[in-house]
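Enquirer: Provided herewith: target-v1.txt, compact mmCIF, C-alpha atoms.
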# COMPACT_ATOMS: atom_id res chain seq x y z
CA MET A 1 -0.37 -18.07 18.12
CA ARG A 2 -0.22 -20.97 15.69
CA ALA A 3 1.90 -20.78 12.57
CA MET A 4 -0.01 -20.54 9.32
CA ALA A 5 0.57 -23.21 6.67
CA GLU A 6 1.33 -22.49 3.07
CA PRO A 7 -1.87 -22.07 1.03
CA ARG A 8 -3.25 -25.28 -0.38
CA HIS A 9 -4.99 -24.54 -3.63
CA ILE A 10 -5.85 -26.69 -6.64
CA PRO A 11 -5.24 -24.54 -9.75
CA PRO A 12 -8.01 -24.70 -12.36
CA LYS A 13 -7.25 -26.43 -15.65
CA GLN A 14 -10.32 -25.52 -17.68
CA ASP A 15 -11.86 -22.16 -18.58
CA ARG A 16 -15.10 -23.00 -16.79
CA SER A 17 -13.19 -23.89 -13.64
CA ARG A 18 -11.15 -20.67 -13.88
CA ARG A 19 -14.32 -18.61 -14.15
CA THR A 20 -15.73 -20.34 -11.09
CA LEU A 21 -12.57 -19.60 -9.16
CA GLU A 22 -12.71 -15.96 -10.22
CA ARG A 23 -16.30 -15.69 -8.99
CA ILE A 24 -15.27 -17.21 -5.65
CA GLU A 25 -12.37 -14.77 -5.36
CA VAL A 26 -14.49 -11.73 -6.20
CA ALA A 27 -17.32 -12.82 -3.91
CA THR A 28 -14.93 -13.38 -1.01
CA LEU A 29 -13.24 -10.00 -1.39
CA GLU A 30 -16.62 -8.26 -1.58
CA LEU A 31 -17.91 -10.04 1.50
CA ILE A 32 -14.87 -9.47 3.69
CA SER A 33 -14.95 -5.81 2.70
CA GLU A 34 -18.60 -5.65 3.77
CA LYS A 35 -18.60 -7.95 6.82
CA GLY A 36 -15.02 -8.70 7.80
CA VAL A 37 -13.14 -11.98 7.56
CA GLU A 38 -14.53 -13.81 10.58
CA ALA A 39 -18.16 -13.03 9.74
CA THR A 40 -17.80 -14.29 6.16
CA THR A 41 -18.68 -17.99 5.88
CA ILE A 42 -18.15 -20.49 3.09
CA GLN A 43 -21.92 -20.60 2.63
CA ASP A 44 -21.93 -16.81 2.15
CA ILE A 45 -19.14 -17.08 -0.40
CA VAL A 46 -20.65 -19.81 -2.56
CA LYS A 47 -24.04 -18.12 -2.50
CA ARG A 48 -22.57 -14.80 -3.65
CA ALA A 49 -20.41 -16.61 -6.24
CA ARG A 50 -23.41 -18.59 -7.58
CA SER A 51 -21.47 -21.77 -6.88
CA SER A 52 -21.72 -24.70 -4.46
CA VAL A 53 -20.00 -25.90 -1.30
CA GLY A 54 -18.73 -28.92 -3.21
CA SER A 55 -17.23 -26.66 -5.86
CA PHE A 56 -15.50 -24.65 -3.12
CA TYR A 57 -13.95 -27.71 -1.47
CA ALA A 58 -12.82 -29.00 -4.86
CA ARG A 59 -10.48 -26.00 -4.91
CA PHE A 60 -9.72 -25.23 -1.28
CA PRO A 61 -9.54 -27.66 1.68
CA ALA A 62 -10.70 -24.90 4.04
CA LYS A 63 -11.63 -21.24 4.23
CA GLU A 64 -8.15 -20.33 5.52
CA ASP A 65 -6.59 -21.77 2.36
CA LEU A 66 -8.75 -19.45 0.26
CA LEU A 67 -7.73 -16.50 2.46
CA LEU A 68 -4.04 -17.35 2.08
CA HIS A 69 -4.50 -17.61 -1.68
CA LEU A 70 -6.27 -14.23 -1.80
CA GLU A 71 -3.72 -12.61 0.47
CA GLU A 72 -0.87 -13.59 -1.82
CA LYS A 73 -2.84 -12.52 -4.89
CA VAL A 74 -3.94 -9.06 -3.73
CA TRP A 75 -0.50 -8.08 -2.41
CA SER A 76 1.19 -9.41 -5.55
CA GLN A 77 -1.22 -7.39 -7.69
CA ALA A 78 -0.60 -4.29 -5.56
CA ARG A 79 3.17 -4.60 -6.07
CA GLU A 80 2.72 -5.13 -9.81
CA ARG A 81 0.42 -2.08 -10.12
CA PHE A 82 2.96 0.09 -8.30
CA ASP A 83 5.83 -1.15 -10.46
CA GLU A 84 3.87 -0.61 -13.67
CA ALA A 85 2.82 2.89 -12.65
CA LEU A 86 6.40 3.75 -11.68
CA GLU A 87 7.78 2.45 -14.97
CA GLU A 88 5.31 4.60 -16.90
CA ARG A 89 6.82 7.78 -15.42
CA ASP A 90 9.94 9.37 -16.82
CA PHE A 91 12.08 10.86 -14.06
CA GLU A 92 15.15 11.48 -16.20
CA GLY A 93 16.56 14.91 -15.40
CA VAL A 94 13.88 15.64 -12.80
CA SER A 95 15.06 17.46 -9.67
CA LEU A 96 14.50 16.21 -6.14
CA THR A 97 11.70 18.74 -5.71
CA GLY A 98 10.09 17.61 -8.96
CA LEU A 99 10.46 13.94 -8.08
CA LEU A 100 8.84 13.84 -4.65
CA GLU A 101 5.34 15.01 -5.49
CA PRO A 102 4.62 12.35 -8.16
CA LEU A 103 6.14 9.71 -5.88
CA VAL A 104 3.89 10.76 -2.99
CA GLN A 105 0.89 10.83 -5.33
CA LEU A 106 1.67 7.29 -6.48
CA LEU A 107 2.14 6.13 -2.89
CA LEU A 108 -1.20 7.63 -1.86
CA GLN A 109 -2.92 5.95 -4.81
CA THR A 110 -1.44 2.52 -4.08
CA GLN A 111 -2.37 2.83 -0.40
CA ARG A 112 -6.00 3.44 -1.32
CA GLU A 113 -6.56 0.69 -3.90
CA ASP A 114 -8.20 -2.38 -2.35
CA ALA A 115 -7.13 -0.99 1.03
CA ARG A 116 -10.06 -2.33 3.04
CA GLN A 117 -9.80 -5.85 1.64
CA ARG A 118 -6.03 -5.99 2.05
CA ARG A 119 -6.25 -4.71 5.62
CA PHE A 120 -8.88 -7.29 6.64
CA LEU A 121 -6.80 -10.10 5.17
CA ASP A 122 -3.61 -8.80 6.76
CA ILE A 123 -4.86 -8.53 10.34
CA ARG A 124 -7.29 -11.43 10.52
CA ASN A 125 -7.44 -13.67 13.58
CA GLY A 126 -5.04 -16.60 13.44
CA ARG A 127 -2.66 -14.74 11.14
CA ASN A 128 0.85 -15.81 12.09
CA GLU A 129 2.33 -12.35 11.55
CA ARG A 130 -0.38 -9.72 11.57
CA GLY A 131 0.35 -6.83 9.23
CA ALA A 132 3.14 -8.69 7.41
CA GLY A 133 1.59 -8.08 3.99
CA MET A 134 1.57 -4.31 4.45
CA ARG A 135 5.13 -4.29 5.81
CA LYS A 136 6.42 -6.30 2.85
CA PHE A 137 4.49 -4.05 0.47
CA HIS A 138 6.04 -0.91 1.96
CA ALA A 139 9.50 -2.54 1.89
CA HIS A 140 9.01 -3.26 -1.81
CA ILE A 141 7.93 0.30 -2.56
CA LEU A 142 10.84 1.74 -0.59
CA SER A 143 13.27 -0.52 -2.48
CA ARG A 144 12.05 1.15 -5.70
CA VAL A 145 11.83 4.70 -4.35
CA ARG A 146 15.17 4.78 -2.48
CA PRO A 147 17.49 4.63 -5.53
CA LEU A 148 15.44 7.26 -7.36
CA ILE A 149 15.86 9.72 -4.50
CA LEU A 150 19.51 8.86 -3.82
CA GLU A 151 20.33 9.58 -7.46
CA ARG A 152 19.71 13.20 -6.42
CA GLN A 153 21.94 12.97 -3.36
CA SER A 154 23.59 16.29 -4.17
CA ASP A 155 20.24 17.96 -3.34
CA ILE A 156 19.94 16.18 0.03
CA MET A 157 21.30 18.15 2.99
CA HIS A 158 20.68 15.51 5.65
CA PRO A 159 24.03 14.21 6.95
CA ILE A 160 22.96 10.57 6.39
CA PRO A 161 21.00 10.55 3.10
CA GLU A 162 20.02 6.84 3.21
CA ARG A 163 18.55 7.24 6.69
CA ALA A 164 16.72 10.39 5.63
CA VAL A 165 15.16 8.62 2.64
CA ASP A 166 13.91 5.72 4.75
CA LEU A 167 12.63 7.76 7.69
CA GLY A 168 11.07 10.34 5.40
CA PHE A 169 9.25 7.52 3.63
CA ALA A 170 8.04 6.19 6.99
CA ALA A 171 6.78 9.66 7.93
CA VAL A 172 4.78 9.99 4.70
CA VAL A 173 3.31 6.48 5.03
CA GLY A 174 2.39 7.19 8.65
CA ALA A 175 0.73 10.46 7.70
CA ILE A 176 -1.35 8.72 5.03
CA ARG A 177 -2.46 6.09 7.55
CA VAL A 178 -3.48 8.78 10.04
CA LEU A 179 -5.50 10.54 7.34
CA ASP A 180 -7.18 7.33 6.20
CA ASP A 181 -7.91 6.12 9.74
CA GLY A 182 -9.71 9.37 10.48
CA THR A 183 -7.72 10.03 13.65
CA LEU A 184 -7.15 13.70 12.82
CA GLU A 185 -9.48 16.17 14.50
CA GLU A 186 -12.18 17.51 12.20
CA GLY A 187 -10.64 20.98 12.09
CA ALA A 188 -7.29 19.63 10.97
CA ARG A 189 -8.96 17.70 8.15
CA ALA A 190 -10.92 20.69 6.88
CA GLY A 191 -10.25 21.24 3.20
CA LEU A 192 -7.83 18.31 2.95
CA SER A 193 -8.56 16.74 -0.41
CA ASP A 194 -6.12 14.32 -2.04
CA GLU A 195 -5.09 17.16 -4.34
CA SER A 196 -4.06 19.30 -1.37
CA VAL A 197 -2.59 16.43 0.67
CA VAL A 198 -0.07 15.36 -1.99
CA PRO A 199 1.93 18.63 -2.08
CA GLU A 200 1.81 18.84 1.72
CA LEU A 201 3.25 15.34 2.13
CA ALA A 202 5.84 16.05 -0.56
CA ARG A 203 6.81 19.16 1.40
CA LEU A 204 7.14 17.03 4.56
CA TYR A 205 9.42 14.55 2.78
CA ARG A 206 11.45 17.29 1.12
CA SER A 207 11.91 19.15 4.40
CA TYR A 208 13.26 16.06 6.13
CA LEU A 209 15.67 15.39 3.30
CA GLY A 210 16.71 19.02 3.41
CA GLY A 211 15.98 19.49 -0.29
CA GLY A 212 15.14 22.70 -2.07
CA ARG A 213 11.82 24.54 -1.95
CA PRO A 214 9.36 24.48 -4.84
CA GLU A 215 10.04 27.15 -7.42
CA GLY A 216 8.57 30.49 -6.40
CA GLU A 217 8.16 29.61 -2.73
CA ALA A 218 9.59 32.22 -0.35
CA PRO A 219 12.30 31.01 2.05
CA PRO A 220 11.51 30.82 5.76
CA GLN A 221 13.45 32.93 8.24
CA MET A 222 15.43 29.85 9.31
CA GLU A 223 16.01 26.61 7.47
CA PHE A 224 14.93 23.54 9.45
CA PHE A 225 18.28 21.87 8.81
CA ASP A 226 20.49 24.92 9.50
CA ILE A 227 21.58 23.19 12.71
CA TRP A 228 23.59 20.73 10.61
CA GLU A 229 25.53 23.33 8.68
Do you think you could lay out the structure here as structure tokens?
Expert:
Amino acid sequence: MRAMAEPRHIPPKQDRSRRTLERIEVATLELISEKGVEATTIQDIVKRARSSVGSFYARFPAKEDLLLHLEEKVWSQARERFDEALEERDFEGVSLTGLLEPLVQLLLQTQREDARQRRFLDIRNGRNERGAGMRKFHAHILSRVRPLILERQSDIMHPIPERAVDLGFAAVVGAIRVLDDGTLEEGARAGLSDESVVPELARLYRSYLGGGRPEGEAPPQMEFFDIWE
């Protein structure tokens, strides 16, 4: 598979040129969400953007350069949105049990935003490293989530807390992907709204960490992590 070059893009200098670029970007993201990357042509893009082929080539030498530009932009925006949302939350003094549910909710939300467009860009034909954008995105999120959870290490019963944080994160991300891909049987999905999924996934994460139960929840007959005690 051929290596992909760095995006070649001529940044706009005037407001009119910036507006044209924005229309091209929006049109492209709409079209690849509707038709996929390969089926979207430059002619489709400029028609949707109310622009011209000449205007397109004045900014991008080829369609792939536009895709590389968009790929970097959508993943950068996704990271920024996650960071901003995380900074808006105050976790000071919050227990492990109280921390996990809002973190899972935020993860679910960031997975859903622009998901179709990001996925099409990330796995397109000719991509040097298919899925690299999603992997880097998850690595970024985990780098922000890990220290928050490890600050509550006294509540973690797993013998290797750092491993538990990372593998628990992977389990939650995998569960979200299974839900979004529709690979669960219909019966298993019955009644699973986002509102009900979030506490279930937080419970999954908390159980792997070996953290406490939500307040008021009755203990099971045997703790899952009793084998380590």
Enquirer: Compare A:Ile141, A:Val37, A:Asp181, A:Val74 by their minimum atom-to-atom distance to Ile123 of chain A, counting all atoms listed in the file, and give me the closest one.
Expert: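 Result for the nearest residue to Ile123 of chain A: A:Val37.
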Enquirer: Specify the axis-aligned box that encloses all atoms of segment 66-85 of chain A listed in the file after padding of 5 Å on each side, stating its centre and edge lengths in Å to one decimal as AutoDock Vina command-line options.
Expert:
--center_x -1.5 --center_y -8.3 --center_z -5.6 --size_x 24.6 --size_y 32.3 --size_z 26.1
Enquirer: What does the distance from atom CA of Pro199 of chain A to atom CA of Gly98 of chain A come to in Å, to one decimal?
Expert: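 Straight-line distance from atom CA of Pro199 of chain A to atom CA of Gly98 of chain A works out to 10.7 Å.
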Enquirer: Which residues, written as a PyMOL selection string, have at least one atom at most 10 Å from segment 40-57 of chain A, with all atoms listed in the file counted and residues fewer than 2 positions away on the same chain left out?
Expert: chain A and resi 9-10+17+20-38+59-63+66
Enquirer: So how many Å separate atom CA of Arg79 of chain A and atom CA of Phe137 of chain A, to one decimal?
Expert: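 Interatomic distance, atom CA of Arg79 of chain A to atom CA of Phe137 of chain A: 6.7 Å.
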Enquirer: Quick one, how far is atom CA of Glu113 of chain A from atom CA of Arg206 of chain A?
Expert: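 Calculated distance between atom CA of Glu113 of chain A and atom CA of Arg206 of chain A is 25.0 Å.
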Enquirer: Ranking A:Leu70, A:Ile176, A:Leu209, A:Leu106 by minimum distance to Arg89 of chain A and counting all atoms listed in the file, which one comes first?
Expert: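 Result for the nearest residue to Arg89 of chain A: A:Leu106.
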Enquirer: Please identify all polymer residues within 9 Å of Val165 of chain A, counting all atoms listed in the file, omitting same-chain residues fewer than 5 positions from it, and present them as a ChimeraX atom specification.
Expert: /A:142,145-146,149-150,160,170,205,208-209
Enquirer: With N, CA and C atoms as the target, complete segment 77-103 of chain A and hand it back as an mmCIF file, keeping the file's coordinate frame.
Expert:
data_model
loop_
_atom_site.group_PDB
_atom_site.id
_atom_site.type_symbol
_atom_site.label_atom_id
_atom_site.label_comp_id
_atom_site.auth_asym_id
_atom_site.auth_seq_id
_atom_site.Cartn_x
_atom_site.Cartn_y
_atom_site.Cartn_z
ATOM 1 N N GLN A 77 -0.637 -8.323 -6.735
ATOM 2 C CA GLN A 77 -1.220 -7.390 -7.690
ATOM 3 C C GLN A 77 -0.908 -5.944 -7.308
ATOM 4 N N ALA A 78 -0.912 -5.643 -6.017
ATOM 5 C CA ALA A 78 -0.600 -4.290 -5.560
ATOM 6 C C ALA A 78 0.840 -3.925 -5.916
ATOM 7 N N ARG A 79 1.769 -4.851 -5.708
ATOM 8 C CA ARG A 79 3.170 -4.600 -6.070
ATOM 9 C C ARG A 79 3.323 -4.398 -7.572
ATOM 10 N N GLU A 80 2.631 -5.227 -8.349
ATOM 11 C CA GLU A 80 2.720 -5.130 -9.810
ATOM 12 C C GLU A 80 2.146 -3.791 -10.292
ATOM 13 N N ARG A 81 1.011 -3.353 -9.712
ATOM 14 C CA ARG A 81 0.420 -2.080 -10.120
ATOM 15 C C ARG A 81 1.370 -0.921 -9.822
ATOM 16 N N PHE A 82 2.011 -0.975 -8.639
ATOM 17 C CA PHE A 82 2.960 0.090 -8.300
ATOM 18 C C PHE A 82 4.122 0.096 -9.281
ATOM 19 N N ASP A 83 4.689 -1.068 -9.557
ATOM 20 C CA ASP A 83 5.830 -1.150 -10.460
ATOM 21 C C ASP A 83 5.470 -0.651 -11.859
ATOM 22 N N GLU A 84 4.296 -1.046 -12.340
ATOM 23 C CA GLU A 84 3.870 -0.610 -13.670
ATOM 24 C C GLU A 84 3.683 0.893 -13.718
ATOM 25 N N ALA A 85 3.047 1.451 -12.688
ATOM 26 C CA ALA A 85 2.820 2.890 -12.650
ATOM 27 C C ALA A 85 4.146 3.647 -12.570
ATOM 28 N N LEU A 86 5.095 3.106 -11.811
ATOM 29 C CA LEU A 86 6.400 3.750 -11.680
ATOM 30 C C LEU A 86 7.151 3.720 -13.004
ATOM 31 N N GLU A 87 7.077 2.582 -13.703
ATOM 32 C CA GLU A 87 7.780 2.450 -14.970
ATOM 33 C C GLU A 87 7.215 3.376 -16.042
ATOM 34 N N GLU A 88 5.936 3.721 -15.917
ATOM 35 C CA GLU A 88 5.310 4.600 -16.900
ATOM 36 C C GLU A 88 5.773 6.046 -16.781
ATOM 37 N N ARG A 89 6.384 6.397 -15.656
ATOM 38 C CA ARG A 89 6.820 7.780 -15.420
ATOM 39 C C ARG A 89 8.292 7.938 -15.804
ATOM 40 N N ASP A 90 8.574 9.064 -16.405
ATOM 41 C CA ASP A 90 9.940 9.370 -16.820
ATOM 42 C C ASP A 90 10.523 10.408 -15.863
ATOM 43 N N PHE A 91 11.475 9.967 -15.033
ATOM 44 C CA PHE A 91 12.080 10.860 -14.060
ATOM 45 C C PHE A 91 13.468 11.342 -14.487
ATOM 46 N N GLU A 92 13.840 11.066 -15.716
ATOM 47 C CA GLU A 92 15.150 11.480 -16.200
ATOM 48 C C GLU A 92 15.278 13.001 -16.148
ATOM 49 N N GLY A 93 16.314 13.477 -15.469
ATOM 50 C CA GLY A 93 16.560 14.910 -15.400
ATOM 51 C C GLY A 93 15.671 15.670 -14.447
ATOM 52 N N VAL A 94 14.792 14.971 -13.728
ATOM 53 C CA VAL A 94 13.880 15.640 -12.800
ATOM 54 C C VAL A 94 14.606 15.907 -11.480
ATOM 55 N N SER A 95 14.420 17.099 -10.929
ATOM 56 C CA SER A 95 15.060 17.460 -9.670
ATOM 57 C C SER A 95 14.423 16.724 -8.503
ATOM 58 N N LEU A 96 15.063 16.811 -7.341
ATOM 59 C CA LEU A 96 14.500 16.210 -6.140
ATOM 60 C C LEU A 96 13.119 16.779 -5.847
ATOM 61 N N THR A 97 12.997 18.099 -5.949
ATOM 62 C CA THR A 97 11.700 18.740 -5.710
ATOM 63 C C THR A 97 10.649 18.241 -6.687
ATOM 64 N N GLY A 98 11.030 18.081 -7.948
ATOM 65 C CA GLY A 98 10.090 17.610 -8.960
ATOM 66 C C GLY A 98 9.775 16.136 -8.860
ATOM 67 N N LEU A 99 10.650 15.388 -8.206
ATOM 68 C CA LEU A 99 10.460 13.940 -8.080
ATOM 69 C C LEU A 99 9.482 13.581 -6.967
ATOM 70 N N LEU A 100 9.548 14.285 -5.847
ATOM 71 C CA LEU A 100 8.840 13.840 -4.650
ATOM 72 C C LEU A 100 7.327 13.886 -4.786
ATOM 73 N N GLU A 101 6.798 14.907 -5.416
ATOM 74 C CA GLU A 101 5.340 15.010 -5.490
ATOM 75 C C GLU A 101 4.709 13.861 -6.280
ATOM 76 N N PRO A 102 5.207 13.521 -7.481
ATOM 77 C CA PRO A 102 4.620 12.350 -8.160
ATOM 78 C C PRO A 102 4.823 11.045 -7.405
ATOM 79 N N LEU A 103 5.944 10.912 -6.676
ATOM 80 C CA LEU A 103 6.140 9.710 -5.880
ATOM 81 C C LEU A 103 5.127 9.620 -4.746
#
